[in-house]
Every structure is written in C-alpha cells, then in structure tokens.
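**Q** I have a structure here, written as structure tokens, and I will follow up with some questions on it.
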Amino acid sequence: MVPMHDLMVVTCWLVVAAHAEEPSVSYIFPAGGQRGAEVQFKVGGHYLHGEASFEMLGPGIAAASKIRETNTVWFEGPIIPLPASQNVEDYPKDHAGEVKIAANAELGVRYWRVWTSQGATPARPFVIGDLWELIEAEIEGNPIPTEVKLPVTINGRIFPREDVDIWTFPARAGQEITCDLWARRLGSPLEARLEVRGPKGRHLTEAVAPQGADPQLSLRIPEDGMYQLRIHDISFGGLQHYVYRLTLTAGPFVQAIFPLGGRRGTKLQIQLLGSALPSAQVALDAPANAANSFLMQLMLGNSRSNPVVLEADDWPESLASAKSLSEGLKFELIELPVILNGRIGSQGESHFWPVRLSKDQAYEFDLRASRLGSPLDSVLTLLDASGKQLAQNDDIGGEQTDSRLTFKALADGAHVLNVRERFGTRAGPQFSYRLRAAPQPEPDFQLKLATDAVTVVRAVASLSEEQKKNRPQPKPAQLRIDAERIGGFASEIELSVEGIPQGVSVKGNKIAEKQAKTELHFAAAPETKIGPTHVWIQGLAKINGKTVERVAQLAVPRGQPPLDQVLVVVAMPTPFKIRGEYLFAYGIRGSVYRRQYFLDRNGFAGPMTVRLADRQVRHLQGVHGPVIIAAPDATRVEYPLNLPPWMEIGRTSRSAVMASGVVTDRDGTEHIVSYSSGEQNDQIIAVIMEGLLSLETDRRSVLAAPNSVSEIHVRVQRDKSLAGVDVKVELIAPSHFHDIVAKGVTIPAGAAEAKLRVHFGIQPGPFNMPATVRARTSDPGNLHVAEAPLEFVAPPGASAE
C-alpha cells in the first residue's frame with residue numbers, strides 16, 4: 001500500500017467495459033434560504049468522489065459551480081432491531097456549496113442538479129422565502145429546546161432515528177399562530193407530526209401529515225407565555241435526508257382561497273381562509289400574461305401573505321350554482337365554454353349547473369380539485385332536463401381523485417352538471433373546485449418527461465469476442481416520454497433531441513399512432529467526449545394539415561416553474577472491479593475484522609482507493625472502516641473493518657466496499673471512476689461474537705457539579721490472549737459537551753483497575769446523553785475495544801442546557 005498523498009493520475013486508454021457507479025443525492029440542507037442572503041449548504045451525495053459539478057436553475061440566484069466533500073455529520077442513534085436492520089441503508093457524504101440569492105428574487109422553488117464523470121442526478125427543489133431563516137444546530141442525544149422569535153423559517157432535519165426537534169417561542173394571548181411545514185414537497189421522506197404544548201407543558205393541538213403531503217396547523221394563543229412546538233416522524237424514523245422547512249408566524253397566513261383561480265386580465269374577488277387575516281376577502285388583478293398556474297403574495301393590511309397559488313384561464317367564469325335539480329333548471333342556461341367555480345361547504349351538499357348543449361357536438365367536462373390542492377374527492381354526473389343520468393365519472397385514473405367526462409350530446413338544449421363529494425360526510429370551506437366545461441378541444445398533444453437527467457455510459461472500443469461475452473458493452477440509457485393526447489388526436493408523433501452532443505445516438509424517437517408513450521434509447525460511441533450537455537425533447541405531428549411542435553416538460557407541482565431542459569451526461573465506464581470469494585465467518589465485537597479482496601484491473605495501472613461503499617446492503621450497525629490506497633501494481637487488498645463493542649451477539653453483519661481510481665481520457669481530461677458490488681460473494685459477512693476485552697465502572701452516573709472533580713473506578717477484563725497487553729482508558733464526551741476534561745489512564749499488563757479523574761469547569765453541560773468510557777489495547781495491530789456508558793447529572797437547580 002502507498003500513502004494517500006502518493007495517489008497519482010495514470011493515463012490509461014481502456015479497452016474493457018465494466019460497471020460505472022452513477023452518482024445520486026439524498027438531500028440539500030438547508031433546503032432553502034431568504035432572498036438577499038448568501039446560503040452555505042451541504043448536499044448529501046453518493047459516489048460523488050470528493051467533488052461534483054453543481055447547477056441551480058432559475059432567475060435571481062448565483063450558485064457555485066462545484067460542491068466539495070466536507071465533514072459529514074453522523075449520529076448513530078438507537079440500535080436497530082430485526083428485521084428493520086436487514087433493510088438496505090444509504091450513507092451519503094456531505095458536500096459543501098453556496099448560493100447567493102438576489103434581494104429581489106421571486107419567491108418559490110428553484111431546481112438544482114449534480115453531475116460527475118459517471119452520471120447526473122435529477123433536479124430537486126430549493127425554496128426561496130422572505131422571512132428570517134434559522135438553521136438547526138444539530139447535536140446528538142435527547143432533544144434540547146431551542147428558542148426562536150417569530151416570524152421565522154426554520155431549517156432542520158429529524159436525525160437520527162427517533163429524533164424529536166423542539167422549538168420554543170414566546171406568544172401573547174389572542175395571537176393567531178401558524179405552523180407550516182415543508183418536507184414531502186422537498187423530496188424528504190419525513191412524514192411529520194406537529195404538536196404544540198402550552199406554558200405548563202399541556203398538549204394544545206397537533207397535526208399529522210396526510211399521506212404524501214405535509215402538515216400545517218393554526219391555533220389561537222390562550223395565555224401569555226412560552227410555547228413549545230415538537231416535530232418528529234410519525235413512525236419515529238429519521239436520517240440525514242429527513243430534511244424540513246418550518247415556517248412559524250403570527251402574521252397573515254392564507255391556507256385556502258375561493259375561487260381557486262380566475263380569468264387572465266381581470267380583477268378577482270378572492271375569499272380567504274387562514275390565520276391572522278385582517279379581512280376575509282381581497283381583490284387582486286390577474287396578470288394578462290399569467291401562466292396556467294402562478295404564485296402571488298396578497299397585500300393584507302400592511303403585511304404580505306405567504307405565496308398563494310392560483311390557476312389562470314381565458315374563459316368566462318361562473319360562481320352561481322343551484323342546490324337542486326329543480327332549482328338549477330330555473331336558472332338561465334350557461335353558455336360554453338366556461339369555468340364553473342364551486343365548493344362543497346356542508347355535508348351532503350350537491351351542486352347543479354344548467355348548461356346549454358348542441359346535438360351531435362362532443363364536449364369535455366374536466367373537474368379540477370385535488371390537482372389544485374383541494375381535499376375534494378369529486379363525483380361528476382351529467383343529467384338531462386328530466387334528471388336522467390347520461391354519464392358519470394368518479395376518478396380520472398391512477399391516484400388522481402378529480403373527475404372528467406367526455407360526451408356527445410344527443411339533443412339540443414338544457415343539460416345539468418352535478419358535482420358532489422364522493423363521501424357524504426366530507427365537506428368544508430376548503431372543498432373547492434373548478435369545472436372546465438367546453439366543446440371537445442381541437443386535436444393537440446402535450447409531452448411529459450419521466451426524468452430530467454440521463455446518464456449515458458460510453459461504449460468501449462476494440463472489445464474481443466471473449467471480452468464481449470464476459471463484459472458486454474453498456475446498455476443504452478432510457479428516457480420515457482409520455483404523450484397526453486387531446487381532442488381525439490391519435491396520429492404518430494415524431495421526436496427529436498435538440499442539442500445532443502456529437503457521438504451520442506438516439507433511437508425510439510417515435511410515438512406510434514394511438515400510443516401513449518415511447519422510450520428514447522441513448523448510446524455514446526467510444527470517441528464521445530465525457531461530460532454534460534443540456535438538451536430539449538421536441539415532438540412534431542401533423543394536425544389538420546399543419547405541423548404542430550411541442551417541447552416535453554417535467555411534471556412539477558402547481559405553482560413551480562416549468563422544467564423542459566434535460567441534463568445528459570456521457571459517463572466514463574469503470575475498467576476495474578473489486579471482488580471477493582464467498583466467506584462466512586465469525587467476527588469478534590470490539591475488534592478489527594479483515595477481509596481479502598481481489599483487484600481485477602483490466603488494464604488499469606493506477607493506484608486505487610478502497611473504502612466502505614456509500615450504499616450498503618444492510619444497516620451497518622456502527623461498523624466503520626478506513627480509506628486505504630492500493631498500490632499501482634497491487635492485485636489484492638486487505639480491508640480492515642472495525643466492529644463496535646456494542647454490537648449484538650449472534651447478529652450477522654454485512655458490509656460492502658467500493659474501489660475508485662483516476663483515469664485520463666484520450667483528450668487529457670481526468671475522471672474519477674468507481675466500482676462497488678452488493679453481491680453476496682463481495683460482502684464482508686461476519687456473525688458477531690463476544691469481545692475479548694470488557695470494561696466495568698463503579699457507577700453509571702456522576703454528579704457534574706461546577707468546579708469539581710470526580711473519580712471513576714474502572715476495571716477491565718482481558719481474554720487470556722490479551723494477558724500481556726496494556727490497556728488505555730479514556731473518556732469520550734459528545735462534541736457539544738463543554739467544561740469537562742478527563743485525562744486518559746493506562747492499565748498495564750497484569751493490572752486490571754485504574755481511576756479516571758473527571759474535571760468539571762464553571763458551567764459543564766449540556767448533558768442530554770451519556771458519555772462513553774472507552775478501553776482499548778495499546779497494540780494498533782491487534783486492536784480490541786470495550787465501552788461503558790456514563791451519565792452526567794446536573795446538580796439540583798442547574799440548567800440542563
């Protein structure tokens with residue numbers, strides 16, 4: 001082996017294809033920032049190899065073009081029991097970056113992406129807000145309340161498992177407080193529960209995340225005092241990627257509006273539902289050039305509200321529905337096209353809209369509720385003037401609860417559209433909808449991207465027939481394109497990729513007649529330059545004798561900017577492999593378990609870095625290992641794995657390693673590539689046995705009085721194989737403890753006991769978790785470790801913080 005600093009770059013024109021490890025990301029933290037601020041963030045990534053290219057899309061931002069590996073925050077958390085510990089687990093590495101947000105930047109979402117020489121990651125959101133922002137100072141252990149002043153947006157994460165974040169704030173009687181959490185909307189797996197407790201610690205109210213959504217709660221403060229907001233995952237999960245943004249405010253906060261949109265270029269009268277609202281209605285001008293879905297901040301008194309999403313259209317709008325069929329038929333018939341706005345405000349309520357239809361004309365009735373953030377689960381029915389049902393629809397398909405009907409009128413004159421909630425007991429002021437009623441639209445189509453990032457692994461030249469059998473060329477990358485066919489359009493759609501780099505070919509660029517999708521297949525020739533390109537997918541079709549062009553877009557939540565740009569990265573294949581032979585053995589906890597691996601270089605002649613893989617086949621249970629360097633001529637490597645002393649006896653540990661190296665391409669560019677495998681033969685498998693060193697202390701807790709000294713009596717027991725070994729004992733305190741010092745002591749061979757003196761300063765603490773007394777053998781080549789927890793208790797009257 002050679003030292004890390006001796007790692008060198010080797011020019012190697014590779015002729016063997018192998019496995020390329022695509023990068024991926026789990027989070028950005030914080031996941032947003034205040035406009036006018038410079039935000040230092042970290043991206044949790046897998047296989048980014050110390051540095052990755054970074055871009056943030058959209059106006060009003062300037063982000064650094066690189067993110068670089070930094071110290072990764074890691075808290076072990078509770079021991080994971082079976083069977084949960086058998087699940088796959090990711091161990092992303094933190095990479096630091098920064099973004100400057102303009103003072104006049106528009107509020108809302110921007111997108112960011114990462115890429116390396118081995119691939120690209122899809123876009124993820126970053127939110128620009130207008131309130132003061134706070135980033136959680138993360139510490140391990142039991143939660144310590146942190147006081148904040150309203151209004152504020154808090155950036156935090158639930159980490160490790162079972163973590164509970166506690167935020168306290170002063171409030172006055174009569175104030176209306178809103179707590180609005182973003183997690184799922186950021187791509188976070190956090191399914192949050194919010195709980196508010198009063199000054200005496202009594203539970204006041206709570207909110208739980210609806211399936212796939214985020215919780216929000218409001219309350220009127222009953223008395224002056226300090227209030228507490230607690231956040232945790234409803235299943236008490238938690239990891240690095242359980243990121244959230246929490247807005248706490250006593251200012252005006254709009255939770256729902258009616259109607260849900262309006263006609264472009266007109267003045268809208270919007271009814272408001274929310275907290276601390278100076279009025280229940282506001283007038284606003286809908287921009288003449290408004291997007292179909294757009295964000296607005298409402299001026300409410302002297303304050304601006306949170307951003308509100310509205311839908312814009314060009315058709316006439318109607319707000320007057322009847323509550324019965326007979327009443328509806330007394331109304332003047334509504335001419336189409338039109339937008340019908342309603343809300344199911346009380347249980348069992350049903351709306352009747354009389355419309356004029358023409359015989360033999362095809363119509364489309366599209367009810368939009370859940371797509372606009374409404375909880376309404378609609379049922380849409382078309383009736384004739386006698387009340388006879390002509391057509392009905394509950395859900396339009398998939399997980400979508402909105403309704404849509406197409407119908408060819410059988411007669412001229414009055415027809416009635418009936419709207420109701422599917423479940424009669426569900427209703428309220430938030431159960432709004434917009435029903436688009438019109439003759440069937442002209443034939444048209446829209447194209448949707450399944451993803452906005454494509455990794456194309458470059459082919460390798462000059463493979464022999466034998467090499468082709470053992471290591472086939474990389475498979476083409478796939479990108480699914482979905483077609484939404486409108487107005488009966490059924491013809492073929494021809495696709496083209498605009499901006500595609502030289503050397504990349506695309507197949508499958510037609511959506512056949514009447515078909516709803518196709519797969520584009522990207523392949524890169526051996527001479528293609530490694531790196532990124534931004535492309536656009538365009539569809540062309542003949543409609544009524546004219547060529548119609550449409551650009552494919554990624555489906556994004558309403559109110560978020562459209563994304564039609566696809567990042568295509570031509571990736572360098574990995575020439576080498578690290579592999580093992582099947583080995584099932586016993587491992588002694590508190591020791592170092594060593595595993596032999598073969599390095600199949602396949603022409604690669606440089607040094608290789610070996611470490612634990614960023615993605616694991618199981619939770620590691622505290623197992624960790626070093627970064628080692630295999631010399632350029634090495635064909636085998638031994639990897640040492642540290643088994644913690646607290647692992648459960650009898651459990652099976654499974655770990656995967658990865659190897660990486662630097663390759664220089666024909667054009668002189670350098671690329672870090674890697675390989676890892678979770679195959680059973682390549683895993684480090686060990687059944688855990690009792691350790692050879694044990695440690696006991698004369699007490700489990702110590703009074704941490706200021707300016708005092710405590711003596712801890714420690715005793716070690718050695719296996720006979722360690723009888724002639726010295727043992728060092730030291731205190732390992734969490735990094736957030738302060739004013740506490742203990743000098744390590746050595747127990748010589750033949751002795752078993754010692755005294756560990758702990759010195760406390762003026763204000764020791766905060767003691768929200770145990771410290772660790774650790775014993776370890778003095779021989780680094782035969783390391784054995786034992787541990788015992790030690791609680792520090794603040795004296796009566798002292799603050800735990």
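Please note that chains go A, B, ... in the order of the structure tokens, that every chain numbers its residues from 1, and that ligands are numbered from 1 in the order shown.
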Could you give me, as a PyMOL selection string, each residue of stretch 548-767 of chain A that DSSP assigns to strand (DSSP E or B) when run on this structure's backbone?
**A** chain A and resi 548-551+553-554+563+566-571+577-579+584-588+591-600+608-612+615-616+624+628-630+636-642+652-655+657-664+670-676+684-689+693-697+701-703+709-718+727-732+738-742+745-747+753-765
**Q** Please report as a tab-separated table every residue of stretch 549-653 of chain A lying within 6 Å of stretch 438-455 of chain A, along with the nearest atom pair and their distance in Å (one decimal), using only C-alpha atoms.
**A**
residue	atom	partner	partner_atom	distance
A:Ala552	CA	A:Leu447	CA	4.4
A:Gln553	CA	A:Lys448	CA	5.0
A:Leu554	CA	A:Leu449	CA	4.7
A:Val566	CA	A:Asp452	CA	4.5
A:Leu567	CA	A:Ala453	CA	4.7
A:Val568	CA	A:Val454	CA	4.8
A:Val569	CA	A:Thr455	CA	5.1
**Q** Mind checking which residues fall within 12 Å of A:Arg161, counting only C-alpha atoms, ignoring those fewer than 2 positions away in the same chain, and posting them as a ChimeraX atom specification?
**A** /A:74-80,84,140-142,157-159,163-165,190,232-242
**Q** Store the residues of this selection in a file with N, CA, C and O atoms, as an mmCIF file, in the first residue's frame.
**A**
data_model
loop_
_atom_site.group_PDB
_atom_site.id
_atom_site.type_symbol
_atom_site.label_atom_id
_atom_site.label_comp_id
_atom_site.auth_asym_id
_atom_site.auth_seq_id
_atom_site.Cartn_x
_atom_site.Cartn_y
_atom_site.Cartn_z
ATOM 1 N N TRP A 74 -22.697 12.759 11.383
ATOM 2 C CA TRP A 74 -23.287 11.431 11.540
ATOM 3 C C TRP A 74 -23.592 11.167 13.009
ATOM 4 O O TRP A 74 -22.729 11.349 13.866
ATOM 5 N N PHE A 75 -24.826 10.784 13.293
ATOM 6 C CA PHE A 75 -25.234 10.346 14.622
ATOM 7 C C PHE A 75 -25.716 8.910 14.503
ATOM 8 O O PHE A 75 -26.581 8.602 13.682
ATOM 9 N N GLU A 76 -25.178 8.034 15.333
ATOM 10 C CA GLU A 76 -25.511 6.613 15.223
ATOM 11 C C GLU A 76 -26.956 6.342 15.594
ATOM 12 O O GLU A 76 -27.647 5.562 14.953
ATOM 13 N N GLY A 77 -27.427 6.982 16.665
ATOM 14 C CA GLY A 77 -28.810 6.768 17.070
ATOM 15 C C GLY A 77 -29.016 5.429 17.731
ATOM 16 O O GLY A 77 -28.064 4.729 18.106
ATOM 17 N N PRO A 78 -30.286 5.019 17.897
ATOM 18 C CA PRO A 78 -30.583 3.777 18.615
ATOM 19 C C PRO A 78 -30.187 2.543 17.827
ATOM 20 O O PRO A 78 -30.050 2.583 16.599
ATOM 21 N N ILE A 79 -29.968 1.447 18.532
ATOM 22 C CA ILE A 79 -29.702 0.161 17.876
ATOM 23 C C ILE A 79 -30.955 -0.254 17.115
ATOM 24 O O ILE A 79 -32.071 -0.191 17.639
ATOM 25 N N ILE A 80 -30.777 -0.661 15.868
ATOM 26 C CA ILE A 80 -31.906 -1.027 15.015
ATOM 27 C C ILE A 80 -32.190 -2.514 15.184
ATOM 28 O O ILE A 80 -31.338 -3.360 14.912
ATOM 29 N N ALA A 84 -35.828 -4.685 10.868
ATOM 30 C CA ALA A 84 -35.536 -3.392 10.232
ATOM 31 C C ALA A 84 -34.064 -3.258 9.874
ATOM 32 O O ALA A 84 -33.709 -2.628 8.868
ATOM 33 N N GLU A 140 -26.343 15.477 19.039
ATOM 34 C CA GLU A 140 -26.841 14.136 19.310
ATOM 35 C C GLU A 140 -27.476 14.098 20.694
ATOM 36 O O GLU A 140 -27.187 14.932 21.555
ATOM 37 N N GLY A 141 -28.353 13.124 20.913
ATOM 38 C CA GLY A 141 -28.909 12.925 22.244
ATOM 39 C C GLY A 141 -30.347 13.375 22.353
ATOM 40 O O GLY A 141 -31.029 13.685 21.364
ATOM 41 N N ASN A 142 -30.846 13.419 23.610
ATOM 42 C CA ASN A 142 -32.210 13.846 23.860
ATOM 43 C C ASN A 142 -32.405 15.285 23.413
ATOM 44 O O ASN A 142 -31.474 16.093 23.482
ATOM 45 N N ARG A 157 -33.693 19.012 10.474
ATOM 46 C CA ARG A 157 -33.897 17.642 9.994
ATOM 47 C C ARG A 157 -34.049 16.716 11.192
ATOM 48 O O ARG A 157 -33.508 16.965 12.268
ATOM 49 N N ILE A 158 -34.809 15.674 10.983
ATOM 50 C CA ILE A 158 -35.036 14.666 12.006
ATOM 51 C C ILE A 158 -33.974 13.596 11.822
ATOM 52 O O ILE A 158 -34.046 12.760 10.923
ATOM 53 N N PHE A 159 -32.971 13.663 12.701
ATOM 54 C CA PHE A 159 -31.791 12.820 12.566
ATOM 55 C C PHE A 159 -31.115 12.743 13.924
ATOM 56 O O PHE A 159 -30.884 13.770 14.569
ATOM 57 N N ASP A 163 -35.481 10.874 16.617
ATOM 58 C CA ASP A 163 -35.190 12.256 16.981
ATOM 59 C C ASP A 163 -36.491 13.047 17.101
ATOM 60 O O ASP A 163 -37.457 12.827 16.361
ATOM 61 N N VAL A 164 -36.507 13.985 18.055
ATOM 62 C CA VAL A 164 -37.605 14.938 18.220
ATOM 63 C C VAL A 164 -36.977 16.325 18.298
ATOM 64 O O VAL A 164 -36.096 16.566 19.125
ATOM 65 N N ASP A 165 -37.392 17.226 17.416
ATOM 66 C CA ASP A 165 -36.929 18.609 17.480
ATOM 67 C C ASP A 165 -37.938 19.435 18.263
ATOM 68 O O ASP A 165 -39.159 19.303 18.054
ATOM 69 N N LEU A 190 -39.688 12.508 5.354
ATOM 70 C CA LEU A 190 -40.287 12.816 6.652
ATOM 71 C C LEU A 190 -41.804 12.911 6.553
ATOM 72 O O LEU A 190 -42.343 13.712 5.794
ATOM 73 N N HIS A 232 -41.628 15.368 15.001
ATOM 74 C CA HIS A 232 -40.989 14.064 14.825
ATOM 75 C C HIS A 232 -41.672 13.329 13.697
ATOM 76 O O HIS A 232 -42.766 13.701 13.249
ATOM 77 N N ASP A 233 -41.057 12.294 13.219
ATOM 78 C CA ASP A 233 -41.636 11.431 12.194
ATOM 79 C C ASP A 233 -42.709 10.566 12.844
ATOM 80 O O ASP A 233 -42.538 10.092 13.976
ATOM 81 N N ILE A 234 -43.818 10.343 12.148
ATOM 82 C CA ILE A 234 -44.926 9.605 12.769
ATOM 83 C C ILE A 234 -44.541 8.161 13.074
ATOM 84 O O ILE A 234 -45.135 7.539 13.957
ATOM 85 N N SER A 235 -43.537 7.620 12.382
ATOM 86 C CA SER A 235 -43.048 6.273 12.680
ATOM 87 C C SER A 235 -41.746 6.327 13.465
ATOM 88 O O SER A 235 -41.094 5.304 13.647
ATOM 89 N N PHE A 236 -41.380 7.503 13.930
ATOM 90 C CA PHE A 236 -40.127 7.756 14.642
ATOM 91 C C PHE A 236 -38.913 7.313 13.830
ATOM 92 O O PHE A 236 -37.920 6.852 14.362
ATOM 93 N N GLY A 237 -39.043 7.487 12.501
ATOM 94 C CA GLY A 237 -37.879 7.330 11.644
ATOM 95 C C GLY A 237 -37.032 8.590 11.719
ATOM 96 O O GLY A 237 -37.333 9.548 12.433
ATOM 97 N N GLY A 238 -35.974 8.606 10.949
ATOM 98 C CA GLY A 238 -35.092 9.758 10.916
ATOM 99 C C GLY A 238 -33.728 9.372 10.394
ATOM 100 O O GLY A 238 -33.176 8.348 10.779
ATOM 101 N N LEU A 239 -33.198 10.173 9.480
ATOM 102 C CA LEU A 239 -31.844 10.006 8.950
ATOM 103 C C LEU A 239 -31.396 11.341 8.366
ATOM 104 O O LEU A 239 -32.124 12.343 8.454
ATOM 105 N N GLN A 240 -30.249 11.344 7.720
ATOM 106 C CA GLN A 240 -29.705 12.595 7.203
ATOM 107 C C GLN A 240 -30.652 13.293 6.234
ATOM 108 O O GLN A 240 -30.670 14.521 6.151
ATOM 109 N N HIS A 241 -31.421 12.524 5.467
ATOM 110 C CA HIS A 241 -32.259 13.128 4.433
ATOM 111 C C HIS A 241 -33.659 13.486 4.912
ATOM 112 O O HIS A 241 -34.495 13.912 4.109
ATOM 113 N N TYR A 242 -33.940 13.374 6.221
ATOM 114 C CA TYR A 242 -35.252 13.768 6.752
ATOM 115 C C TYR A 242 -35.262 15.283 7.008
ATOM 116 O O TYR A 242 -35.396 15.769 8.120
#
**Q** With a distance cut-off of 7 Å and only C-alpha atoms, select the neighbouring residues of A:Gln255, excluding the residue or stretch itself and same-chain residues fewer than 2 positions from it, and output the selection as a PyMOL selection string.
**A** chain A and resi 253+273-274
**Q** To one decimal place, how far is atom CA of A:Asp94 from atom CA of A:Glu69 in Å?
**A**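 Answer for the atom CA of A:Asp94 to atom CA of A:Glu69 separation: 5.8 Å.
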**Q** Excluding same-chain residues fewer than 5 positions from A:Ala786, what lies within 7 Å of it counting only C-alpha atoms, as a list of chain:residue names?
**A**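 The residues that qualify are A:Gly590, A:Pro645, A:Leu693, A:Ser694, A:Leu695, A:Arg774, A:Ala775, A:Arg776.
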**Q** Would you pick out the contacts of A:Lys200 at 10 Å or less, using only C-alpha atoms, so that residues sharing its chain but fewer than 3 positions from it are not included, and give the list as a PyMOL selection string?
**A** chain A and resi 197+203+225-228
**Q** Selected residues, N, CA and C atoms, written as a compact mmCIF listing (two decimals), in the first residue's frame, please.
**A**
# COMPACT_ATOMS: atom_id res chain seq x y z
N ARG A 197 -47.43 22.57 22.64
CA ARG A 197 -47.68 22.49 24.07
C ARG A 197 -47.64 23.89 24.67
N HIS A 203 -50.60 19.57 26.38
CA HIS A 203 -50.88 19.42 24.95
C HIS A 203 -52.04 20.34 24.55
N GLY A 225 -47.10 33.50 27.43
CA GLY A 225 -46.13 32.54 27.92
C GLY A 225 -45.26 31.98 26.83
N MET A 226 -44.46 31.00 27.22
CA MET A 226 -43.54 30.34 26.30
C MET A 226 -44.19 29.04 25.81
N TYR A 227 -44.29 28.91 24.48
CA TYR A 227 -44.94 27.75 23.87
C TYR A 227 -43.89 26.86 23.21
N GLN A 228 -44.28 25.62 23.02
CA GLN A 228 -43.34 24.62 22.52
C GLN A 228 -43.94 23.92 21.31
**Q** Can you work out the spacing between atom CA of A:Leu131 and atom CA of A:Pro252 in Å, to one decimal?
**A**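 These two atoms are separated by 12.9 Å.
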